[in-house]
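Structure below is target-v2.cif: mmCIF, C-alpha atoms.
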data_my_file
#
loop_
_atom_site.label_atom_id
_atom_site.label_comp_id
_atom_site.auth_asym_id
_atom_site.auth_seq_id
_atom_site.Cartn_x
_atom_site.Cartn_y
_atom_site.Cartn_z
CA MET A 12 -30.40 -48.31 14.70
CA THR A 13 -28.17 -47.92 11.61
CA LEU A 14 -25.15 -46.97 13.70
CA LEU A 15 -23.94 -50.58 14.00
CA ILE A 16 -23.92 -51.40 10.28
CA PRO A 17 -20.35 -50.25 9.44
CA PHE A 18 -18.73 -52.09 12.35
CA LEU A 19 -20.99 -55.14 12.70
CA PRO A 20 -18.58 -57.40 10.74
CA VAL A 21 -15.70 -56.12 12.90
CA TYR A 22 -17.66 -56.90 16.08
CA VAL A 23 -18.42 -60.40 14.78
CA ARG A 24 -14.67 -60.94 14.32
CA GLN A 25 -14.02 -59.72 17.86
CA LEU A 26 -16.54 -62.27 19.15
CA GLY A 27 -14.52 -65.15 17.73
CA VAL A 28 -15.47 -65.64 14.06
CA SER A 29 -12.27 -65.65 12.00
CA ASP A 30 -12.94 -66.80 8.41
CA ASP A 31 -14.28 -64.30 5.86
CA ALA A 32 -17.29 -66.39 4.79
CA GLY A 33 -18.26 -66.89 8.44
CA VAL A 34 -18.02 -63.17 9.12
CA LEU A 35 -20.31 -62.41 6.18
CA PHE A 36 -22.80 -65.09 7.25
CA TRP A 37 -22.96 -64.18 10.95
CA SER A 38 -23.11 -60.47 10.16
CA GLY A 39 -26.15 -61.19 8.01
CA VAL A 40 -27.75 -63.39 10.69
CA ALA A 41 -27.16 -60.85 13.46
CA TYR A 42 -28.48 -58.01 11.33
CA ALA A 43 -31.55 -59.98 10.24
CA ALA A 44 -32.39 -61.30 13.72
CA THR A 45 -33.97 -58.02 14.78
CA PHE A 46 -36.30 -58.03 11.80
CA LEU A 47 -37.38 -61.63 12.43
CA THR A 48 -38.90 -60.94 15.85
CA ALA A 49 -40.17 -57.54 14.71
CA ALA A 50 -42.01 -59.22 11.83
CA LEU A 51 -43.74 -61.60 14.24
CA THR A 52 -44.87 -58.89 16.66
CA ALA A 53 -45.66 -55.89 14.39
CA PRO A 54 -49.33 -56.85 13.74
CA LEU A 55 -49.85 -57.29 17.49
CA TRP A 56 -48.40 -53.86 18.28
CA GLY A 57 -50.48 -52.34 15.45
CA SER A 58 -53.70 -53.83 16.83
CA LEU A 59 -52.86 -52.65 20.34
CA GLY A 60 -52.19 -49.19 18.91
CA ASP A 61 -55.67 -49.17 17.34
CA ARG A 62 -57.18 -49.96 20.74
CA TYR A 63 -55.02 -48.11 23.26
CA GLY A 64 -53.36 -45.32 21.31
CA ARG A 65 -50.31 -45.19 19.10
CA LYS A 66 -48.26 -42.94 21.36
CA SER A 67 -48.14 -45.75 23.91
CA MET A 68 -46.55 -47.97 21.25
CA LEU A 69 -43.89 -45.34 20.61
CA ILE A 70 -43.09 -45.16 24.33
CA ARG A 71 -42.88 -48.95 24.62
CA ALA A 72 -40.63 -49.28 21.57
CA SER A 73 -38.15 -46.57 22.51
CA LEU A 74 -37.70 -47.81 26.09
CA GLY A 75 -37.33 -51.43 24.98
CA MET A 76 -34.75 -50.61 22.31
CA SER A 77 -32.75 -48.50 24.75
CA VAL A 78 -32.32 -51.44 27.12
CA ALA A 79 -31.65 -54.03 24.41
CA MET A 80 -29.07 -51.98 22.50
CA SER A 81 -27.15 -51.31 25.71
CA LEU A 82 -27.03 -55.04 26.45
CA ILE A 83 -25.53 -55.78 23.02
CA GLY A 84 -22.41 -53.95 24.14
CA LEU A 85 -21.97 -56.62 26.84
CA ALA A 86 -22.16 -59.65 24.49
CA GLN A 87 -19.40 -62.25 24.89
CA SER A 88 -20.14 -64.52 21.90
CA VAL A 89 -21.72 -64.34 18.48
CA TRP A 90 -24.68 -66.35 19.77
CA GLN A 91 -25.32 -63.78 22.50
CA LEU A 92 -25.14 -61.06 19.85
CA VAL A 93 -27.82 -62.83 17.79
CA VAL A 94 -30.08 -63.39 20.82
CA LEU A 95 -29.83 -59.74 21.84
CA ARG A 96 -30.58 -58.63 18.30
CA LEU A 97 -33.71 -60.80 18.48
CA LEU A 98 -34.60 -58.93 21.68
CA VAL A 99 -34.23 -55.57 19.92
CA GLY A 100 -36.84 -56.64 17.38
CA LEU A 101 -39.17 -58.02 20.04
CA LEU A 102 -39.13 -54.85 22.13
CA GLY A 103 -38.58 -52.24 19.43
CA GLY A 104 -40.31 -50.94 16.30
CA TYR A 105 -40.22 -47.18 16.88
CA SER A 106 -39.97 -46.11 13.24
CA SER A 107 -42.80 -48.44 12.19
CA ALA A 108 -45.00 -47.20 15.05
CA SER A 109 -44.38 -43.60 14.02
CA THR A 110 -45.25 -44.47 10.41
CA ILE A 111 -48.55 -45.97 11.55
CA LEU A 112 -49.31 -42.84 13.60
CA VAL A 113 -48.69 -40.49 10.67
CA ALA A 114 -50.48 -42.68 8.10
CA ALA A 115 -53.53 -43.10 10.31
CA ASP A 116 -54.00 -39.47 11.33
CA SER A 117 -52.84 -37.47 8.28
CA PRO A 118 -55.42 -35.88 5.91
CA VAL A 119 -55.88 -37.91 2.73
CA GLU A 120 -54.73 -35.11 0.42
CA ARG A 121 -51.45 -34.68 2.36
CA ARG A 122 -50.79 -38.26 3.41
CA GLY A 123 -48.05 -38.95 0.86
CA TRP A 124 -46.29 -35.72 1.73
CA GLY A 125 -46.54 -36.39 5.48
CA LEU A 126 -45.12 -39.88 5.11
CA GLY A 127 -42.39 -38.48 2.89
CA VAL A 128 -41.40 -35.93 5.53
CA LEU A 129 -41.36 -38.66 8.18
CA SER A 130 -39.24 -40.81 5.89
CA SER A 131 -36.82 -37.91 5.50
CA GLY A 132 -36.52 -37.65 9.27
CA ILE A 133 -35.84 -41.37 9.57
CA MET A 134 -33.27 -41.15 6.80
CA ALA A 135 -31.60 -38.22 8.53
CA GLY A 136 -30.92 -40.58 11.40
CA SER A 137 -29.65 -43.08 8.86
CA ILE A 138 -27.10 -40.51 7.69
CA VAL A 139 -25.79 -39.73 11.15
CA GLY A 140 -25.90 -43.38 12.24
CA PRO A 141 -23.44 -44.91 9.74
CA LEU A 142 -21.14 -41.89 10.00
CA LEU A 143 -20.94 -42.25 13.77
CA GLY A 144 -20.73 -46.01 13.37
CA GLY A 145 -17.69 -45.58 11.18
CA LEU A 146 -15.95 -43.13 13.53
CA LEU A 147 -16.95 -43.89 17.13
CA PRO A 148 -15.56 -47.46 17.38
CA GLN A 149 -12.13 -46.11 16.47
CA VAL A 150 -12.37 -43.51 19.24
CA ILE A 151 -14.21 -45.17 22.15
CA GLY A 152 -14.43 -48.82 21.07
CA ILE A 153 -17.33 -50.92 19.85
CA ARG A 154 -18.78 -51.85 23.24
CA LEU A 155 -18.99 -48.26 24.45
CA THR A 156 -20.55 -47.33 21.11
CA PHE A 157 -23.45 -49.69 21.83
CA LEU A 158 -23.90 -48.21 25.31
CA LEU A 159 -23.94 -44.72 23.80
CA THR A 160 -26.55 -45.87 21.30
CA GLY A 161 -28.76 -47.09 24.14
CA ALA A 162 -28.44 -43.70 25.82
CA LEU A 163 -29.44 -41.88 22.62
CA ILE A 164 -32.52 -44.06 22.23
CA PHE A 165 -33.42 -43.33 25.86
CA LEU A 166 -33.43 -39.64 24.96
CA ALA A 167 -35.92 -40.49 22.20
CA PHE A 168 -38.04 -42.23 24.85
CA LEU A 169 -38.08 -39.09 27.00
CA ALA A 170 -38.89 -36.84 24.03
CA THR A 171 -41.76 -39.10 23.00
CA ALA A 172 -43.24 -39.28 26.48
CA LEU A 173 -43.07 -35.52 26.99
CA LEU A 174 -43.59 -33.98 23.55
CA VAL A 175 -45.62 -36.28 21.27
CA THR A 176 -49.39 -35.75 21.30
CA GLU A 177 -52.18 -37.89 19.87
CA ASP A 178 -55.64 -36.48 19.26
CA ARG A 179 -57.32 -39.71 18.17
CA PRO A 180 -59.63 -41.13 20.89
CA ARG A 181 -58.50 -44.53 22.11
CA ALA A 182 -61.99 -46.00 22.11
CA ALA A 183 -62.66 -45.11 18.51
CA GLY A 184 -60.86 -48.14 17.15
CA LEU A 185 -63.37 -50.61 18.55
CA ALA A 186 -66.39 -48.91 17.03
CA LEU A 187 -64.71 -48.38 13.69
CA THR A 188 -63.65 -52.00 13.54
CA ARG A 189 -67.31 -53.02 13.60
CA ALA A 190 -68.06 -50.46 10.89
CA GLY A 191 -65.35 -51.93 8.68
CA ASP A 192 -67.09 -55.32 8.75
CA ALA A 193 -70.04 -53.83 6.84
CA ASP A 194 -68.17 -53.78 3.51
CA GLY A 195 -69.59 -56.00 0.80
CA PRO A 196 -67.76 -59.14 -0.38
CA ARG A 197 -66.78 -57.62 -3.75
CA ALA A 198 -65.28 -54.56 -2.10
CA ARG A 199 -63.34 -56.76 0.31
CA ASP A 200 -62.10 -58.96 -2.56
CA LEU A 201 -60.85 -56.06 -4.67
CA ARG A 202 -59.28 -54.39 -1.68
CA GLY A 203 -57.64 -57.66 -0.64
CA ARG A 204 -55.99 -58.10 -4.04
CA GLY A 205 -54.51 -54.62 -3.93
CA ILE A 206 -53.33 -55.14 -0.37
CA GLY A 207 -51.64 -58.40 -1.31
CA VAL A 208 -49.66 -56.80 -4.15
CA LEU A 209 -48.60 -53.90 -1.92
CA LEU A 210 -47.51 -56.20 0.90
CA LEU A 211 -45.48 -58.32 -1.51
CA THR A 212 -43.92 -55.21 -3.03
CA GLY A 213 -42.78 -53.96 0.37
CA SER A 214 -41.25 -57.34 1.16
CA MET A 215 -39.41 -57.52 -2.18
CA VAL A 216 -38.06 -53.98 -1.85
CA MET A 217 -36.65 -54.62 1.60
CA PHE A 218 -35.24 -57.98 0.52
CA ALA A 219 -33.39 -56.33 -2.35
CA THR A 220 -32.03 -53.41 -0.37
CA MET A 221 -31.12 -55.37 2.76
CA SER A 222 -29.34 -58.08 0.77
CA VAL A 223 -26.51 -55.66 0.11
CA GLU A 224 -26.50 -53.54 3.29
CA PRO A 225 -24.36 -55.87 5.47
CA LEU A 226 -21.93 -56.36 2.57
CA VAL A 227 -21.07 -52.70 2.06
CA THR A 228 -18.11 -52.65 4.47
CA GLU A 229 -16.53 -55.74 2.92
CA TYR A 230 -17.29 -54.44 -0.59
CA VAL A 231 -15.56 -51.14 0.19
CA ALA A 232 -12.57 -53.10 1.49
CA LEU A 233 -12.52 -55.08 -1.77
CA LEU A 234 -12.54 -51.88 -3.82
CA ASP A 235 -10.18 -49.72 -1.76
CA GLY A 236 -8.41 -51.86 0.86
CA ALA A 237 -9.29 -52.58 4.48
CA ALA A 238 -7.40 -49.74 6.17
CA HIS A 239 -10.31 -47.30 6.38
CA ALA A 240 -13.15 -49.54 5.23
CA THR A 241 -15.52 -48.75 8.11
CA VAL A 242 -15.13 -45.00 7.62
CA TRP A 243 -15.78 -45.16 3.88
CA ALA A 244 -18.62 -47.63 4.35
CA GLY A 245 -20.27 -45.14 6.70
CA VAL A 246 -19.88 -42.38 4.12
CA VAL A 247 -21.26 -44.54 1.30
CA MET A 248 -24.34 -45.60 3.27
CA SER A 249 -24.96 -42.08 4.52
CA LEU A 250 -24.98 -40.75 0.96
CA GLY A 251 -27.77 -43.17 0.14
CA ALA A 252 -29.75 -41.83 3.06
CA LEU A 253 -29.02 -38.25 1.95
CA GLY A 254 -30.53 -38.97 -1.45
CA ALA A 255 -33.64 -40.36 0.22
CA ILE A 256 -34.00 -37.29 2.44
CA VAL A 257 -33.93 -34.97 -0.55
CA SER A 258 -36.38 -36.97 -2.65
CA ALA A 259 -38.94 -38.31 -0.14
CA PRO A 260 -41.16 -35.20 0.35
CA PHE A 261 -41.06 -34.39 -3.37
CA VAL A 262 -41.97 -37.93 -4.41
CA GLY A 263 -44.67 -37.98 -1.72
CA ARG A 264 -46.30 -34.94 -3.34
CA LEU A 265 -46.16 -36.67 -6.71
CA ALA A 266 -47.97 -39.66 -5.20
CA ASP A 267 -50.64 -37.33 -3.76
CA ARG A 268 -51.20 -35.69 -7.15
CA HIS A 269 -50.85 -38.57 -9.61
CA GLY A 270 -51.49 -41.67 -7.53
CA PRO A 271 -48.99 -44.04 -5.96
CA ARG A 272 -48.87 -46.70 -8.72
CA ARG A 273 -46.84 -44.64 -11.20
CA VAL A 274 -44.52 -43.47 -8.44
CA ILE A 275 -43.96 -47.03 -7.23
CA VAL A 276 -43.14 -48.38 -10.72
CA GLY A 277 -40.81 -45.50 -11.58
CA CYS A 278 -38.91 -45.73 -8.29
CA LEU A 279 -38.51 -49.50 -8.60
CA LEU A 280 -37.08 -49.27 -12.12
CA ALA A 281 -34.64 -46.51 -11.16
CA ALA A 282 -33.46 -48.38 -8.05
CA ALA A 283 -32.89 -51.56 -10.07
CA ALA A 284 -30.67 -49.65 -12.50
CA CYS A 285 -28.66 -48.22 -9.60
CA LEU A 286 -28.11 -51.69 -8.15
CA VAL A 287 -26.74 -52.93 -11.47
CA VAL A 288 -24.30 -50.02 -11.53
CA GLN A 289 -23.14 -50.75 -7.97
CA GLY A 290 -22.17 -54.26 -8.99
CA LEU A 291 -20.03 -52.93 -11.86
CA VAL A 292 -18.06 -50.15 -10.13
CA ASP A 293 -14.30 -50.34 -9.62
CA GLY A 294 -13.84 -47.56 -7.06
CA VAL A 295 -15.35 -46.21 -3.85
CA GLY A 296 -16.23 -42.89 -5.48
CA GLN A 297 -18.32 -44.61 -8.13
CA LEU A 298 -20.01 -46.74 -5.48
CA ALA A 299 -20.83 -43.63 -3.44
CA ALA A 300 -22.39 -41.91 -6.47
CA ALA A 301 -24.49 -44.99 -7.27
CA ARG A 302 -25.67 -45.24 -3.66
CA LEU A 303 -26.67 -41.56 -3.69
CA LEU A 304 -28.78 -42.07 -6.82
CA MET A 305 -30.30 -45.22 -5.36
CA GLY A 306 -31.28 -43.25 -2.26
CA VAL A 307 -33.03 -40.71 -4.50
CA SER A 308 -34.88 -43.58 -6.19
CA LEU A 309 -35.96 -45.25 -2.95
CA GLY A 310 -36.73 -42.11 -0.93
CA GLY A 311 -40.41 -41.91 -1.80
CA LEU A 312 -41.00 -45.57 -2.58
CA MET A 313 -42.04 -46.96 0.78
CA PRO A 314 -44.05 -43.83 1.72
CA ALA A 315 -45.98 -44.33 -1.54
CA VAL A 316 -46.59 -47.99 -0.69
CA THR A 317 -47.73 -47.04 2.82
CA ALA A 318 -50.06 -44.33 1.51
CA ALA A 319 -51.62 -46.82 -0.92
CA LEU A 320 -52.09 -49.35 1.89
CA ARG A 321 -53.69 -46.71 4.11
CA ALA A 322 -56.20 -46.01 1.34
CA CYS A 323 -57.08 -49.73 1.28
CA ALA A 324 -57.39 -50.10 5.06
CA PRO A 325 -60.86 -50.83 6.49
CA PRO A 326 -61.99 -48.30 9.12
CA GLY A 327 -60.64 -49.08 12.57
CA ARG A 328 -58.02 -51.52 11.27
CA VAL A 329 -55.37 -49.11 10.09
CA GLY A 330 -52.84 -50.11 12.72
CA ARG A 331 -53.40 -53.82 12.14
CA LEU A 332 -53.00 -53.57 8.35
CA LEU A 333 -49.94 -51.35 8.56
CA GLY A 334 -48.58 -53.73 11.17
CA TRP A 335 -48.89 -56.52 8.61
CA SER A 336 -47.13 -54.22 6.14
CA VAL A 337 -44.26 -53.83 8.58
CA SER A 338 -44.15 -57.61 9.00
CA ALA A 339 -44.00 -58.10 5.24
CA GLN A 340 -41.13 -55.64 5.01
CA TYR A 341 -39.35 -57.37 7.87
CA VAL A 342 -39.62 -60.69 6.02
CA GLY A 343 -37.48 -59.06 3.37
CA ASP A 344 -35.23 -57.61 6.05
CA VAL A 345 -34.71 -61.09 7.53
CA THR A 346 -34.19 -63.08 4.35
CA GLY A 347 -32.24 -60.41 2.49
CA PRO A 348 -29.13 -60.19 4.70
CA VAL A 349 -28.98 -63.95 5.26
CA LEU A 350 -29.32 -64.94 1.59
CA GLY A 351 -27.19 -62.00 0.51
CA GLY A 352 -24.42 -63.07 2.87
CA LEU A 353 -24.61 -66.67 1.68
CA ALA A 354 -24.61 -65.66 -1.99
CA ALA A 355 -21.69 -63.30 -1.45
CA GLY A 356 -19.66 -66.04 0.23
CA VAL A 357 -20.35 -68.54 -2.58
CA LEU A 358 -20.70 -66.45 -5.75
CA GLY A 359 -18.98 -63.20 -4.83
CA MET A 360 -20.36 -59.87 -3.70
CA ARG A 361 -20.87 -58.42 -7.19
CA SER A 362 -23.39 -61.13 -8.05
CA VAL A 363 -25.63 -60.03 -5.17
CA PHE A 364 -26.19 -56.60 -6.74
CA ALA A 365 -27.34 -58.11 -10.04
CA ALA A 366 -29.67 -60.58 -8.33
CA THR A 367 -31.33 -57.91 -6.19
CA ALA A 368 -31.84 -55.72 -9.26
CA VAL A 369 -33.86 -58.56 -10.79
CA VAL A 370 -36.01 -58.68 -7.65
CA LEU A 371 -36.87 -54.98 -7.99
CA LEU A 372 -37.69 -55.41 -11.67
CA ALA A 373 -40.10 -58.21 -10.75
CA ALA A 374 -41.73 -55.94 -8.16
CA ALA A 375 -42.19 -53.25 -10.81
CA LEU A 376 -43.93 -55.76 -13.06
CA LEU A 377 -46.41 -56.57 -10.28
CA HIS A 378 -47.71 -53.00 -10.60
CA ALA A 379 -47.08 -52.29 -14.28
CA VAL A 380 -48.79 -55.36 -15.77
CA PRO A 381 -52.23 -54.81 -14.11
CA ALA A 382 -52.15 -51.17 -15.25
CA MET A 383 -51.39 -52.25 -18.83
CA ARG A 384 -54.30 -54.69 -18.75
CA VAL A 385 -56.67 -51.96 -17.61
CA ARG A 386 -55.57 -49.65 -20.45
CA THR A 387 -55.91 -52.46 -23.01
CA ALA A 388 -59.42 -53.31 -21.85
CA SER A 389 -60.43 -49.65 -21.99
CA ALA A 390 -59.11 -49.33 -25.56
CA ARG A 391 -61.13 -52.35 -26.70
CA VAL A 392 -64.30 -50.87 -25.28
#
Would it be possible to restate this file's structure as structure tokens?
Amino acid sequence: MTLLIPFLPVYVRQLGVSDDAGVLFWSGVAYAATFLTAALTAPLWGSLGDRYGRKSMLIRASLGMSVAMSLIGLAQSVWQLVVLRLLVGLLGGYSSASTILVAADSPVERRGWGLGVLSSGIMAGSIVGPLLGGLLPQVIGIRLTFLLTGALIFLAFLATALLVTEDRPRAAGLALTRAGDADGPRARDLRGRGIGVLLLTGSMVMFATMSVEPLVTEYVALLDGAAHATVWAGVVMSLGALGAIVSAPFVGRLADRHGPRRVIVGCLLAAAACLVVQGLVDGVGQLAAARLLMGVSLGGLMPAVTAALRACAPPGRVGRLLGWSVSAQYVGDVTGPVLGGLAAGVLGMRSVFAATAVVLLAAALLHAVPAMRVRTASARV
């Protein structure tokens, strides 16, 4: 799914958009379109996974994405590109479905580690994706690259259907849903507040990170010229994913041992600092180093958020709650590229990095301030 990022602006130009501001805007819209429909449908797929099994959701998502990504290679206008990207979000959601499966079925004491390992696997694909996205269009063309992507996702469909197993009984969700309704009002209120903060945090994180993703190719061209911008953009984005792969299991273990709140705050502060640095660099090498460090900062962040949400989930409603979590993240995925593209066209690309750093700092405060209040109250007692 990350394979198209380096050449998406180039494809938008091929579909008839000529001015630079228009390319930035339509690249953001096309990139965000998938997350819009995914945000609307994720709670539905999560609820269906609770009832009928989560493996079935993986099969549905992989087959749907295979068809939709292949069709993108046949687009004839930027509007068709946007519509087909909407279709990808409607039919897809493989990584979110796999996250729900791992979060729901992992032992509590190893949940953070398991989600971290899964995140590393997803990020491994994010490394290969931008690299291939930077190289393949120059070898076989953009349209054939989309068709190849559809074929690769179809292989994931076959592997899921044949190799993935699920031990959880399908009927258990209905009984456990009734059990979850037995919680008292105070327990539901406290749990609801924590869930709200975590959902908002996920949305803010994805808004901040996705605001700059579609701009990387143009930013690399600004720093180093347009001759090999797609290749270097692929390298830069892959380094960020490499940092996440290295850090995710380690940070997941820290969350298991010390609780997710400290991990979340620390990762948010480090990522904000890396965003500030990215806006100040004057060379591709410096940008690559900053992206690598940002990947290290973000690697365990969303697994920690997911583990905390899983701990708050009522019995039998794990898939539904994590589906809402996916929707909240997709809200950030939708608004981030669009607003980032608009801001870059009006204020310049460097300003986007500073603004998104502020968003991450605000997210850190959402978790740090309640913890400070608890410590202050304890000291007074």
* Exactly which residues make up the result of the PyMOL selection byres ((chain A and resi 49) around 9) on this file, given as an NGL selection string? -> :A and (44-48 or 50-53 or 97 or 99-104 or 337-338 or 341)
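For the pair CA of Glu224 (chain A) and CA of Phe36 (chain A), the separation is 12.8 Å.
Using all atoms listed in the file for every distance, the candidate list A:Met248, A:Ala281, A:Leu92, A:Ala255 yields A:Met248 as the residue closest to Ala299 (chain A).
Distances to Leu286 (chain A) were evaluated for A:Pro260, A:Gly57, A:Gly306, A:Gly352 using all atoms listed in the file, and the minimum falls at A:Gly306.
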I need the output of the PyMOL selection byres ((chain A and resi 209) around 12) for this file as JSON, numbers by chain; which residues are they?
{"A": [202, 203, 204, 205, 206, 207, 208, 210, 211, 212, 213, 214, 215, 216, 271, 272, 275, 276, 312, 313, 314, 315, 316, 317, 318, 319, 320, 321, 322, 323, 324, 332, 333, 335, 336, 337, 339, 340, 374, 375, 377, 378]}
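Shortest separation to Ala355 (chain A) among A:Ala108, A:Leu74, A:Val223, A:Ala379 occurs at residue A:Val223, atoms counted being all atoms listed in the file.
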